[in-house]
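Quick look at protein-v3.cif (mmCIF, C-alpha atoms):
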data_model
#
loop_
_atom_site.label_atom_id
_atom_site.label_comp_id
_atom_site.auth_asym_id
_atom_site.auth_seq_id
_atom_site.Cartn_x
_atom_site.Cartn_y
_atom_site.Cartn_z
CA MET A 1 -21.47 58.10 62.87
CA LYS A 2 -19.17 60.22 60.75
CA ARG A 3 -17.50 57.14 59.44
CA ILE A 4 -20.78 55.52 58.49
CA ARG A 5 -21.77 58.63 56.60
CA SER A 6 -18.54 58.72 54.64
CA ILE A 7 -18.97 55.05 53.68
CA PHE A 8 -22.52 55.84 52.48
CA VAL A 9 -21.28 58.72 50.34
CA LEU A 10 -18.60 56.52 48.86
CA VAL A 11 -21.10 53.79 48.03
CA ALA A 12 -23.55 56.30 46.53
CA SER A 13 -20.96 57.99 44.34
CA THR A 14 -19.60 54.68 43.03
CA SER A 15 -23.06 53.47 42.13
CA ALA A 16 -23.77 56.81 40.37
CA ALA A 17 -20.56 56.50 38.38
CA SER A 18 -21.45 52.97 37.36
CA LEU A 19 -24.91 54.20 36.29
CA ILE A 20 -23.37 56.82 33.99
CA ALA A 21 -20.95 54.28 32.56
CA CYS A 22 -23.68 51.81 31.79
CA SER A 23 -27.10 53.03 30.65
CA ALA A 24 -26.68 56.82 30.60
CA SER A 25 -23.25 56.87 28.87
CA LEU A 26 -22.79 59.62 26.23
CA PRO A 27 -22.99 58.55 22.53
CA PRO A 28 -19.57 58.17 20.87
CA GLN A 29 -18.35 60.88 18.48
CA ASP A 30 -18.89 58.51 15.53
CA LEU A 31 -22.57 58.15 16.39
CA THR A 32 -23.22 61.89 16.76
CA ASN A 33 -21.38 62.35 13.45
CA ALA A 34 -23.62 59.72 11.86
CA ARG A 35 -26.78 61.37 13.19
CA ASP A 36 -25.68 64.86 12.03
CA THR A 37 -24.58 63.62 8.61
CA TYR A 38 -27.81 61.71 8.05
CA ASP A 39 -29.87 64.68 9.24
CA ARG A 40 -28.03 66.97 6.79
CA ALA A 41 -28.43 64.52 3.89
CA SER A 42 -32.12 63.92 4.52
CA ARG A 43 -32.74 67.66 4.15
CA GLY A 44 -30.61 67.85 0.99
CA PRO A 45 -31.08 66.72 -2.62
CA ALA A 46 -30.08 63.11 -1.80
CA ALA A 47 -33.55 62.50 -0.30
CA GLN A 48 -35.10 63.00 -3.75
CA LEU A 49 -32.27 62.00 -6.05
CA ASP A 50 -30.96 58.85 -4.33
CA PRO A 51 -33.63 57.40 -2.01
CA ALA A 52 -32.18 53.86 -2.32
CA ASP A 53 -28.76 54.76 -0.88
CA MET A 54 -30.41 57.06 1.67
CA HIS A 55 -32.45 54.07 2.83
CA THR A 56 -29.28 51.97 3.14
CA ALA A 57 -27.72 54.78 5.18
CA LYS A 58 -30.79 54.92 7.45
CA VAL A 59 -30.68 51.15 8.03
CA GLN A 60 -26.99 51.46 8.90
CA LEU A 61 -27.66 54.36 11.30
CA ASP A 62 -30.43 52.31 12.92
CA LEU A 63 -27.93 49.46 13.43
CA ALA A 64 -25.54 51.88 15.15
CA GLU A 65 -28.37 53.27 17.31
CA ALA A 66 -29.53 49.75 18.22
CA SER A 67 -26.00 48.76 19.15
CA PHE A 68 -25.63 51.87 21.30
CA THR A 69 -28.99 51.32 23.02
CA LYS A 70 -28.20 47.70 23.70
CA ASP A 71 -24.48 47.72 24.50
CA GLY A 72 -23.57 51.41 24.89
CA ASP A 73 -20.35 52.89 23.53
CA THR A 74 -18.74 49.72 22.19
CA GLN A 75 -16.33 49.20 19.29
CA ASN A 76 -19.25 47.70 17.35
CA THR A 77 -21.36 50.82 17.95
CA ARG A 78 -18.50 52.99 16.72
CA ASP A 79 -17.91 50.80 13.67
CA GLN A 80 -21.59 50.80 12.75
CA ALA A 81 -21.77 54.59 13.21
CA TYR A 82 -18.58 55.09 11.16
CA ILE A 83 -20.08 53.01 8.33
CA ALA A 84 -23.36 54.96 8.64
CA VAL A 85 -21.44 58.24 8.05
CA ARG A 86 -19.80 56.76 4.93
CA LYS A 87 -23.06 55.33 3.59
CA THR A 88 -24.75 58.70 4.04
CA GLU A 89 -21.89 60.56 2.36
CA LEU A 90 -22.06 57.99 -0.43
CA ALA A 91 -25.77 58.74 -0.94
CA GLU A 92 -24.96 62.46 -1.11
CA ALA A 93 -22.17 61.88 -3.64
CA VAL A 94 -24.44 59.67 -5.78
CA ALA A 95 -27.12 62.39 -5.66
CA ARG A 96 -24.59 65.04 -6.76
CA THR A 97 -23.42 62.73 -9.53
CA LYS A 98 -26.99 62.24 -10.74
CA GLN A 99 -27.53 65.99 -10.61
CA ALA A 100 -24.34 66.54 -12.61
CA ASN A 101 -25.44 63.98 -15.20
CA GLU A 102 -28.80 65.69 -15.49
CA ASP A 103 -27.08 69.06 -15.87
CA LYS A 104 -24.84 67.64 -18.55
CA ASP A 105 -27.82 66.13 -20.40
CA GLY A 106 -29.57 69.48 -20.16
CA VAL A 107 -26.57 71.33 -21.60
CA VAL A 108 -26.11 68.75 -24.35
CA SER A 109 -29.77 68.73 -25.36
CA ALA A 110 -29.86 72.53 -25.28
CA MET A 111 -26.78 72.50 -27.48
CA HIS A 112 -28.43 70.07 -29.87
CA ALA A 113 -31.55 72.22 -29.92
CA ASP A 114 -29.38 75.25 -30.70
CA GLU A 115 -27.62 73.29 -33.40
CA LYS A 116 -30.92 72.23 -34.91
CA GLN A 117 -32.17 75.79 -34.77
CA ALA A 118 -29.00 77.06 -36.39
CA VAL A 119 -29.28 74.46 -39.14
CA ALA A 120 -32.95 75.33 -39.64
CA ALA A 121 -32.12 79.05 -39.71
CA THR A 122 -29.37 78.44 -42.26
CA ALA A 123 -31.71 76.32 -44.38
CA ALA A 124 -34.40 79.00 -44.17
CA GLU A 125 -31.89 81.69 -45.11
CA LEU A 126 -30.72 79.55 -48.02
CA GLY A 127 -34.35 79.17 -49.10
CA ARG A 128 -34.89 82.93 -48.91
CA SER A 129 -31.68 83.52 -50.86
CA LYS A 130 -32.78 81.10 -53.55
CA ALA A 131 -36.19 82.76 -53.69
CA ARG A 132 -34.55 86.20 -53.99
CA VAL A 133 -32.30 84.96 -56.78
CA ALA A 134 -35.33 83.46 -58.54
CA VAL A 135 -37.28 86.71 -58.20
CA GLN A 136 -34.31 88.71 -59.44
CA GLY A 137 -33.91 86.31 -62.35
CA ALA A 138 -37.59 86.62 -63.22
CA ALA A 139 -37.42 90.41 -62.94
CA LEU A 140 -34.35 90.42 -65.18
CA GLN A 141 -36.13 88.23 -67.72
CA ASP A 142 -39.17 90.49 -67.49
CA GLU A 143 -37.06 93.61 -68.03
CA LYS A 144 -35.28 91.96 -70.94
CA SER A 145 -38.51 90.99 -72.69
CA ARG A 146 -39.95 94.44 -72.00
CA ARG A 147 -36.93 96.00 -73.70
CA GLN A 148 -37.22 93.61 -76.61
CA ASP A 149 -40.91 94.49 -76.95
CA ALA A 150 -40.11 98.20 -76.88
CA GLU A 151 -37.42 97.73 -79.52
CA LYS A 152 -39.79 95.76 -81.73
CA ARG A 153 -42.54 98.37 -81.34
CA ALA A 154 -40.18 101.18 -82.22
CA ALA A 155 -38.84 99.35 -85.26
CA GLN A 156 -42.34 98.51 -86.51
CA ALA A 157 -43.55 102.08 -85.98
CA ALA A 158 -40.59 103.49 -87.86
CA ALA A 159 -41.14 101.10 -90.76
CA ASP A 160 -44.85 101.97 -90.98
CA LEU A 161 -44.21 105.69 -90.96
CA ALA A 162 -41.39 105.51 -93.48
CA LYS A 163 -43.97 104.63 -96.14
CA PHE A 164 -45.48 108.11 -96.27
CA ALA A 165 -43.46 110.29 -93.92
CA THR A 166 -39.88 111.14 -93.23
CA VAL A 167 -38.69 109.81 -89.93
CA THR A 168 -35.47 111.21 -88.53
CA GLN A 169 -33.73 111.06 -85.20
CA SER A 170 -32.73 114.34 -83.62
CA PRO A 171 -31.46 115.28 -80.19
CA ARG A 172 -35.07 116.19 -79.39
CA GLY A 173 -36.22 112.65 -80.16
CA MET A 174 -37.85 110.98 -83.14
CA VAL A 175 -39.17 113.53 -85.63
CA ILE A 176 -41.94 112.53 -88.05
CA THR A 177 -42.26 115.01 -90.88
CA LEU A 178 -45.48 115.07 -92.90
CA SER A 179 -45.75 117.17 -96.00
CA GLY A 180 -48.31 119.95 -95.76
CA SER A 181 -49.66 119.16 -99.23
CA ILE A 182 -50.92 115.73 -98.26
CA LEU A 183 -52.73 117.16 -95.21
CA PHE A 184 -54.24 120.52 -96.07
CA VAL A 185 -55.61 122.64 -98.93
CA THR A 186 -53.67 125.91 -99.38
CA ALA A 187 -54.42 128.49 -96.68
CA LYS A 188 -56.78 126.13 -94.80
CA TRP A 189 -56.40 124.03 -91.69
CA ASP A 190 -59.16 121.51 -92.33
CA LEU A 191 -57.66 118.06 -92.78
CA LEU A 192 -58.11 116.49 -96.24
CA PRO A 193 -59.91 113.08 -96.26
CA THR A 194 -56.71 111.44 -97.54
CA ALA A 195 -54.80 113.18 -94.74
CA GLN A 196 -57.04 111.49 -92.24
CA LEU A 197 -56.07 108.08 -93.63
CA LYS A 198 -52.39 108.97 -93.35
CA LEU A 199 -52.85 110.27 -89.82
CA ASN A 200 -54.62 107.03 -88.88
CA ASP A 201 -51.37 105.25 -89.70
CA VAL A 202 -49.41 107.87 -87.78
CA ALA A 203 -51.67 107.41 -84.78
CA THR A 204 -51.30 103.61 -85.01
CA ALA A 205 -47.54 103.98 -85.20
CA LEU A 206 -47.48 106.44 -82.29
CA ILE A 207 -49.63 104.20 -80.14
CA LYS A 208 -47.03 101.48 -80.69
CA GLU A 209 -44.42 103.88 -79.35
CA ASP A 210 -43.47 103.96 -75.72
CA PRO A 211 -46.74 104.83 -73.97
CA LEU A 212 -44.90 107.19 -71.62
CA SER A 213 -43.31 109.42 -74.25
CA LYS A 214 -44.62 112.96 -74.81
CA MET A 215 -45.35 114.36 -78.28
CA VAL A 216 -45.38 117.84 -79.76
CA VAL A 217 -47.13 118.55 -83.04
CA GLU A 218 -45.32 121.45 -84.72
CA GLY A 219 -46.80 123.44 -87.60
CA TYR A 220 -44.56 125.18 -90.18
CA THR A 221 -45.35 127.25 -93.31
CA ASP A 222 -43.43 128.75 -96.25
CA SER A 223 -42.65 132.44 -96.34
CA GLN A 224 -45.58 133.50 -98.51
CA GLY A 225 -47.84 135.87 -96.61
CA GLY A 226 -47.04 137.70 -93.40
CA ALA A 227 -45.34 136.21 -90.41
CA ALA A 228 -48.37 136.71 -88.14
CA TYR A 229 -50.69 135.10 -90.67
CA ASN A 230 -48.36 132.16 -91.13
CA GLN A 231 -47.94 131.88 -87.37
CA GLU A 232 -51.70 131.60 -86.91
CA LEU A 233 -52.08 129.20 -89.88
CA SER A 234 -49.32 126.93 -88.59
CA MET A 235 -50.82 126.98 -85.11
CA HIS A 236 -54.28 125.97 -86.39
CA ARG A 237 -52.84 123.23 -88.61
CA ALA A 238 -50.75 121.79 -85.75
CA GLN A 239 -53.82 121.96 -83.52
CA ALA A 240 -55.95 120.19 -86.17
CA VAL A 241 -53.42 117.34 -86.46
CA ARG A 242 -53.06 117.11 -82.69
CA ASP A 243 -56.87 117.00 -82.18
CA TYR A 244 -57.26 114.33 -84.86
CA LEU A 245 -54.54 112.17 -83.29
CA VAL A 246 -56.31 112.48 -79.92
CA THR A 247 -59.50 111.16 -81.56
CA ARG A 248 -57.42 108.24 -82.83
CA GLY A 249 -56.44 107.19 -79.35
CA ILE A 250 -53.36 109.22 -78.39
CA ALA A 251 -53.85 110.37 -74.79
CA ALA A 252 -54.63 114.10 -74.73
CA ASP A 253 -52.17 114.77 -71.97
CA ARG A 254 -49.32 113.22 -73.97
CA ILE A 255 -49.63 115.41 -77.02
CA THR A 256 -49.50 119.20 -77.48
CA ALA A 257 -49.55 121.51 -80.53
CA GLN A 258 -47.37 124.47 -81.34
CA GLY A 259 -47.22 126.85 -84.34
CA PHE A 260 -43.85 128.03 -85.67
CA GLY A 261 -45.08 129.96 -88.79
CA LEU A 262 -42.40 130.63 -91.36
CA THR A 263 -39.53 130.05 -88.95
CA ASN A 264 -37.11 127.14 -89.16
CA PRO A 265 -37.39 126.54 -92.94
CA ILE A 266 -35.89 123.28 -94.14
CA GLY A 267 -35.98 124.27 -97.84
CA ASP A 268 -35.34 127.33 -99.98
CA ASN A 269 -38.43 129.57 -100.03
CA LYS A 270 -37.38 130.95 -103.44
CA SER A 271 -38.13 127.67 -105.21
CA ALA A 272 -41.50 125.93 -105.46
CA GLU A 273 -39.97 122.66 -104.23
CA GLY A 274 -38.32 124.40 -101.29
CA ARG A 275 -41.57 126.08 -100.29
CA ALA A 276 -43.42 122.74 -100.56
CA ASN A 277 -40.88 121.20 -98.19
CA ASN A 278 -41.27 124.09 -95.78
CA ARG A 279 -45.04 123.60 -95.59
CA ARG A 280 -45.04 120.76 -93.14
CA VAL A 281 -46.21 119.34 -89.87
CA GLN A 282 -43.64 117.67 -87.63
CA ILE A 283 -44.47 115.34 -84.79
CA VAL A 284 -41.65 115.17 -82.26
CA VAL A 285 -41.73 112.12 -80.02
CA GLN A 286 -39.71 113.05 -76.94
CA PRO A 287 -38.00 110.02 -75.56
CA THR A 288 -38.40 108.90 -71.98
CA ASP A 289 -35.34 107.51 -70.27
CA THR A 290 -36.19 103.90 -71.11
CA THR A 291 -36.89 104.53 -74.80
CA LEU A 292 -33.87 106.77 -75.34
CA ALA A 293 -31.55 103.82 -75.96
CA THR A 294 -33.90 102.06 -78.37
CA THR A 295 -34.94 105.09 -80.42
CA SER A 296 -31.40 106.42 -80.74
CA SER A 297 -30.25 103.06 -82.06
CA LEU A 298 -32.62 103.36 -85.06
CA MET B 299 -24.12 13.23 25.28
CA TYR B 300 -27.05 15.56 25.89
CA ARG B 301 -25.07 17.29 28.57
CA SER B 302 -22.08 17.91 26.33
CA ILE B 303 -24.27 19.44 23.58
CA LEU B 304 -25.95 21.68 26.12
CA SER B 305 -22.60 22.84 27.48
CA LEU B 306 -21.42 23.58 23.93
CA ILE B 307 -24.51 25.73 23.27
CA ILE B 308 -23.95 27.63 26.48
CA LEU B 309 -20.21 28.03 26.01
CA ALA B 310 -20.17 28.93 22.29
CA PRO B 311 -21.22 32.60 22.74
CA LEU B 312 -18.56 32.99 25.39
CA PHE B 313 -15.86 31.88 22.95
CA THR B 314 -16.93 34.24 20.23
CA ALA B 315 -17.12 37.10 22.72
CA CYS B 316 -13.50 36.53 23.62
CA GLY B 317 -12.22 37.62 20.19
CA ALA B 318 -9.17 35.45 19.88
CA SER B 319 -11.31 32.59 18.71
CA ILE B 320 -13.04 34.26 15.70
CA PRO B 321 -11.67 33.19 12.28
CA PRO B 322 -9.49 35.56 10.18
CA PRO B 323 -11.84 37.93 8.23
CA THR B 324 -10.44 36.98 4.83
CA GLN B 325 -13.73 37.64 2.99
CA ARG B 326 -13.99 41.11 4.55
CA LEU B 327 -10.37 41.74 3.51
CA ALA B 328 -11.10 40.65 -0.08
CA ASP B 329 -14.20 42.87 -0.22
CA ALA B 330 -12.34 45.89 1.10
CA GLN B 331 -9.41 45.36 -1.30
CA SER B 332 -11.80 44.97 -4.24
CA ALA B 333 -13.46 48.31 -3.47
CA GLN B 334 -10.00 49.82 -2.92
CA ARG B 335 -8.87 48.70 -6.41
CA SER B 336 -12.04 50.02 -8.03
CA ALA B 337 -11.57 53.42 -6.44
CA ARG B 338 -7.95 53.57 -7.59
CA GLU B 339 -8.85 52.57 -11.14
CA LEU B 340 -11.57 55.22 -11.30
CA GLY B 341 -8.96 57.86 -10.52
CA ALA B 342 -9.81 58.46 -6.88
CA ASN B 343 -6.26 59.70 -6.32
CA SER B 344 -6.78 62.70 -8.61
CA GLU B 345 -9.68 64.14 -6.61
CA PRO B 346 -9.07 65.44 -3.04
CA GLY B 347 -12.29 64.08 -1.48
CA ALA B 348 -11.96 60.64 -3.06
CA GLN B 349 -8.25 60.62 -2.32
CA LEU B 350 -8.88 61.14 1.41
CA SER B 351 -11.45 58.32 1.52
CA LEU B 352 -9.11 56.00 -0.36
CA LYS B 353 -6.22 56.91 1.97
CA LEU B 354 -8.36 56.01 4.99
CA ALA B 355 -9.23 52.69 3.34
CA ASP B 356 -5.56 52.01 2.53
CA GLU B 357 -4.43 52.73 6.09
CA GLN B 358 -7.16 50.65 7.68
CA ILE B 359 -6.54 47.71 5.36
CA ALA B 360 -2.83 47.85 6.25
CA LEU B 361 -3.66 47.99 9.98
CA ALA B 362 -6.13 45.12 9.55
CA GLN B 363 -3.51 42.97 7.84
CA LYS B 364 -1.11 43.68 10.70
CA ALA B 365 -3.81 42.87 13.25
CA MET B 366 -4.56 39.60 11.44
CA SER B 367 -0.90 38.60 11.51
CA ASP B 368 -0.86 39.48 15.21
CA GLY B 369 -3.89 37.21 15.65
CA ASP B 370 -6.26 40.05 16.61
CA ASN B 371 -9.04 39.10 14.17
CA LYS B 372 -11.69 41.06 16.02
CA ARG B 373 -9.80 44.32 15.54
CA ALA B 374 -9.00 43.35 11.92
CA ASP B 375 -12.70 42.74 11.26
CA SER B 376 -13.62 46.10 12.72
CA LEU B 377 -10.97 47.88 10.63
CA LEU B 378 -12.02 46.10 7.46
CA VAL B 379 -15.73 46.99 7.63
CA ARG B 380 -14.64 50.60 8.01
CA ALA B 381 -12.10 50.28 5.18
CA LYS B 382 -14.73 48.83 2.84
CA ALA B 383 -17.14 51.70 3.62
CA ASP B 384 -14.34 54.23 2.93
CA ALA B 385 -13.29 52.55 -0.33
CA GLU B 386 -16.90 52.38 -1.56
CA LEU B 387 -17.30 56.07 -0.78
CA ALA B 388 -14.08 56.78 -2.72
CA VAL B 389 -15.51 54.94 -5.75
CA VAL B 390 -18.63 57.12 -5.76
CA GLN B 391 -16.61 60.30 -5.16
CA ALA B 392 -14.37 59.44 -8.13
CA ARG B 393 -17.45 58.92 -10.31
CA GLU B 394 -18.82 62.26 -9.13
CA LYS B 395 -15.63 63.93 -10.26
CA GLY B 396 -16.00 62.31 -13.69
CA ALA B 397 -19.60 63.55 -13.96
CA ASN B 398 -18.57 67.08 -13.00
CA ALA B 399 -15.82 67.01 -15.63
CA ALA B 400 -18.38 65.86 -18.22
CA VAL B 401 -20.65 68.78 -17.31
CA GLN B 402 -17.76 71.22 -17.73
CA THR B 403 -16.85 69.67 -21.08
CA ALA B 404 -20.48 69.95 -22.23
CA ILE B 405 -20.63 73.61 -21.13
CA ASP B 406 -17.36 74.35 -22.95
CA ASN B 407 -18.55 72.58 -26.10
CA SER B 408 -21.83 74.45 -25.95
CA ALA B 409 -20.03 77.79 -25.63
CA THR B 410 -17.74 76.93 -28.55
CA GLN B 411 -20.70 75.94 -30.67
CA LYS B 412 -22.59 79.12 -29.78
CA THR B 413 -19.59 81.20 -30.83
CA MET B 414 -19.35 79.23 -34.05
CA ASN B 415 -23.05 79.74 -34.76
CA ILE B 416 -22.72 83.46 -34.17
CA GLU B 417 -19.66 83.68 -36.43
CA GLN B 418 -21.41 81.74 -39.16
CA GLY B 419 -24.39 84.03 -38.73
CA ALA B 420 -22.10 87.04 -39.18
CA VAL B 421 -20.55 85.55 -42.33
CA LYS B 422 -23.99 84.77 -43.68
#
Any chance you could give the structure as structure tokens?
Amino acid sequence: MKRIRSIFVLVASTSAASLIACSASLPPQDLTNARDTYDRASRGPAAQLDPADMHTAKVQLDLAEASFTKDGDTQNTRDQAYIAVRKTELAEAVARTKQANEDKDGVVSAMHADEKQAVAATAAELGRSKARVAVQGAALQDEKSRRQDAEKRAAQAAADLAKFATVTQSPRGMVITLSGSILFVTAKWDLLPTAQLKLNDVATALIKEDPLSKMVVEGYTDSQGGAAYNQELSMHRAQAVRDYLVTRGIAADRITAQGFGLTNPIGDNKSAEGRANNRRVQIVVQPTDTTLATTSSL
Amino acid sequence: MYRSILSLIILAPLFTACGASIPPPTQRLADAQSAQRSARELGANSEPGAQLSLKLADEQIALAQKAMSDGDNKRADSLLVRAKADAELAVVQAREKGANAAVQTAIDNSATQKTMNIEQGAVK
């Protein structure tokens, strides 16, 4: 009985061993490698980037699986699985290569875009520079012609005035001296009709002057009569000339009047000629900064 | 006559299964060597991954040649299909290395150009 049992156990264990060896044998290392590698690749970028080689790898893995199912762990199964691993790794490498090429193209096209932008920026800057130079040139030309105009105006005004008045340059500016005898009757400050004609010319000449310059009309007398009287007379005369010039178009805020009486004589009060010279009205045109150069050059 | 054909059909698979009777895998050898040369020419030996694949191919081709001279064509065939797969992988790995180098070159060029642009901007 005991012997029969031991024979049965022996038979059972041998048949179990043969079962494991045949249908239920474990997959070879190559096949599990192939499965793992394919599984990894199918979840990676190769699935999208290299579907063709991934398909080849899958077909190869299927061959290995079919061989294993049919024949178990044979050399052919191992070979097919080994190839499946390589095919899958190849698909992954191709995918990485494609990715690298795309990256490179991206870098290169970004570089070209940068280059284009830099060229465009340089061209734009050049354009702006040119425009600035043009504007500066135009401004320079403008300034030049403005100066030339101012010079011409000053020269013309001086020439006009020289016909009936003395025009001198002093540190205070251009001084136009008009003789009192052509403007007023003795001891009066009403302008003579002829004086008005002269002053029209003065006004015309002054209008041609730099429109920014300020003017002072100064009245002077000879020494006959008291100082206070002469002071008042000179003040009224200066005021009369100033008011007339304002009516002829000189802006009121540019021109003021001041009486100096018998002070600052330019001639000898003892002689008739000296006294005549002292009776005078002077119009001082104070230069502005821009007219200083032109008036002083006269 | 009929009998002899029938016996041939029945016996043929048995011969091929034996192994000794299969012809030398010369075409497989040529294929594997072709892929091996391509990998070498593409510089597979200068990149560790490709170098390993190529080395495997080299070794298996050498073993296959020895097996063929020993008359073991079945083993040679098995080694050669593996060698071809390794050599083909080495080819692609070598190309990958070239693509990576091109990316690095492009990045370097781009950086150089950016610096140049900035310098020109500063001069301007």
Inset, instruction - Extract, using all atoms listed in the file, all DNA, RNA and protein residues at most 9 Å from segment 333-342 of chain B, discarding same-chain residues fewer than 3 positions from it, and format them as a ChimeraX atom specification. - result: /B:328-330,345-352,355-356,381-393,395-396
Need to verify the contact set: Ala400 of chain B, 12 Å, all atoms listed in the file, exclusion of same-chain residues closer than 3 positions in sequence. Can you return it as a PDB file with C-alpha atoms, in the coordinates of the input?
ATOM      1  CA  THR A  97     -23.420  62.730  -9.530  1.00  0.00           C
ATOM      2  CA  LYS A  98     -26.990  62.240 -10.740  1.00  0.00           C
ATOM      3  CA  GLN A  99     -27.530  65.990 -10.610  1.00  0.00           C
ATOM      4  CA  ALA A 100     -24.340  66.540 -12.610  1.00  0.00           C
ATOM      5  CA  ASN A 101     -25.440  63.980 -15.200  1.00  0.00           C
ATOM      6  CA  GLU A 102     -28.800  65.690 -15.490  1.00  0.00           C
ATOM      7  CA  ASP A 103     -27.080  69.060 -15.870  1.00  0.00           C
ATOM      8  CA  LYS A 104     -24.840  67.640 -18.550  1.00  0.00           C
ATOM      9  CA  ASP A 105     -27.820  66.130 -20.400  1.00  0.00           C
ATOM     10  CA  GLY A 106     -29.570  69.480 -20.160  1.00  0.00           C
ATOM     11  CA  VAL A 107     -26.570  71.330 -21.600  1.00  0.00           C
ATOM     12  CA  VAL A 108     -26.110  68.750 -24.350  1.00  0.00           C
TER      13      VAL A 108
ATOM     14  CA  ARG B 393     -17.450  58.920 -10.310  1.00  0.00           C
ATOM     15  CA  GLU B 394     -18.820  62.260  -9.130  1.00  0.00           C
ATOM     16  CA  LYS B 395     -15.630  63.930 -10.260  1.00  0.00           C
ATOM     17  CA  GLY B 396     -16.000  62.310 -13.690  1.00  0.00           C
ATOM     18  CA  ALA B 397     -19.600  63.550 -13.960  1.00  0.00           C
ATOM     19  CA  THR B 403     -16.850  69.670 -21.080  1.00  0.00           C
ATOM     20  CA  ALA B 404     -20.480  69.950 -22.230  1.00  0.00           C
ATOM     21  CA  ILE B 405     -20.630  73.610 -21.130  1.00  0.00           C
ATOM     22  CA  ASP B 406     -17.360  74.350 -22.950  1.00  0.00           C
ATOM     23  CA  ASN B 407     -18.550  72.580 -26.100  1.00  0.00           C
TER      24      ASN B 407
END
Proximity check chain A to chain B, 12 Å, nearest pairs one decimal Å, only C-alpha atoms, as a tab-separated table:
residue	atom	partner	partner_atom	distance
A:Asp30	CA	B:Arg380	CA	11.7
A:Asp53	CA	B:Val390	CA	11.5
A:Ala57	CA	B:Ala383	CA	11.1
A:Gln60	CA	B:Ala383	CA	11.2
A:Thr74	CA	B:Ser376	CA	11.4
A:Gln75	CA	B:Ser376	CA	7.8
A:Asn76	CA	B:Ser376	CA	7.5
A:Thr77	CA	B:Ser376	CA	10.5
A:Arg78	CA	B:Ser376	CA	9.3
A:Asp79	CA	B:Ser376	CA	6.4
A:Gln80	CA	B:Arg380	CA	8.4
A:Ala81	CA	B:Arg380	CA	9.7
A:Tyr82	CA	B:Arg380	CA	6.8
A:Ile83	CA	B:Ala383	CA	5.7
A:Ala84	CA	B:Ala383	CA	8.6
A:Val85	CA	B:Ala383	CA	9.0
A:Arg86	CA	B:Ala383	CA	5.9
A:Lys87	CA	B:Ala383	CA	6.9
A:Thr88	CA	B:Leu387	CA	9.3
A:Glu89	CA	B:Leu387	CA	7.1
A:Leu90	CA	B:Leu387	CA	5.1
A:Ala91	CA	B:Val390	CA	8.8
A:Glu92	CA	B:Val390	CA	9.5
A:Ala93	CA	B:Gln391	CA	6.0
A:Val94	CA	B:Val390	CA	6.3
A:Ala95	CA	B:Glu394	CA	9.0
A:Arg96	CA	B:Glu394	CA	6.8
A:Thr97	CA	B:Glu394	CA	4.6
A:Lys98	CA	B:Ala397	CA	8.2
A:Gln99	CA	B:Ala397	CA	8.9
A:Ala100	CA	B:Ala397	CA	5.8
A:Asn101	CA	B:Ala397	CA	6.0
A:Glu102	CA	B:Val401	CA	8.9
A:Asp103	CA	B:Val401	CA	6.6
A:Lys104	CA	B:Val401	CA	4.5
A:Asp105	CA	B:Val401	CA	8.2
A:Gly106	CA	B:Ala404	CA	9.3
A:Val107	CA	B:Ala404	CA	6.3
A:Val108	CA	B:Ala404	CA	6.1
A:Ser109	CA	B:Ser408	CA	9.8
A:Ala110	CA	B:Ser408	CA	8.3
A:Met111	CA	B:Ser408	CA	5.5
A:His112	CA	B:Ser408	CA	8.8
A:Ala113	CA	B:Ser408	CA	10.7
A:Asp114	CA	B:Lys412	CA	7.9
A:Glu115	CA	B:Gln411	CA	7.9
A:Lys116	CA	B:Asn415	CA	10.9
A:Gln117	CA	B:Asn415	CA	9.9
A:Ala118	CA	B:Asn415	CA	6.7
A:Val119	CA	B:Asn415	CA	9.3
A:Ala120	CA	B:Asn415	CA	11.9
A:Ala121	CA	B:Gly419	CA	9.2
A:Thr122	CA	B:Gly419	CA	8.3
A:Ala123	CA	B:Lys422	CA	11.5
A:Ala124	CA	B:Lys422	CA	11.9
A:Glu125	CA	B:Lys422	CA	8.6
A:Leu126	CA	B:Lys422	CA	9.6
A:Ser129	CA	B:Lys422	CA	10.6
Could you name the residues that touch segment 227-235 of chain A at 6 Å or less, counting only C-alpha atoms, but leaving out those on the same chain fewer than 6 positions away, as a CSV table (one decimal) with C-alpha atoms, in the coordinates of the input?
chain,number,residue,atom,x,y,z
A,219,GLY,CA,-46.8,123.4,-87.6
A,220,TYR,CA,-44.6,125.2,-90.2
A,258,GLN,CA,-47.4,124.5,-81.3
A,259,GLY,CA,-47.2,126.8,-84.3
A,260,PHE,CA,-43.8,128.0,-85.7
A,261,GLY,CA,-45.1,130.0,-88.8
Legend entry - Proximity to Val281 of chain A - best of A:Ile176, A:Thr194, A:Trp189, A:Asn269, only C-alpha atoms: A:Ile176
Requested file, segment 397-410 of chain B restricted to C-alpha atoms, as a CSV table (one decimal), in the first residue's frame:
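For reference, part_29.csv as written:
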chain,number,residue,atom,x,y,z
B,397,ALA,CA,20.8,65.9,-34.1
B,398,ASN,CA,21.6,66.7,-30.5
B,399,ALA,CA,24.9,68.2,-31.5
B,400,ALA,CA,23.1,70.3,-34.1
B,401,VAL,CA,20.7,71.6,-31.5
B,402,GLN,CA,23.6,72.6,-29.2
B,403,THR,CA,25.3,74.4,-32.2
B,404,ALA,CA,22.1,76.2,-32.9
B,405,ILE,CA,21.7,77.3,-29.3
B,406,ASP,CA,25.3,78.5,-29.2
B,407,ASN,CA,24.9,80.4,-32.4
B,408,SER,CA,21.7,81.9,-31.2
B,409,ALA,CA,23.4,83.0,-27.9
B,410,THR,CA,26.3,84.5,-29.9
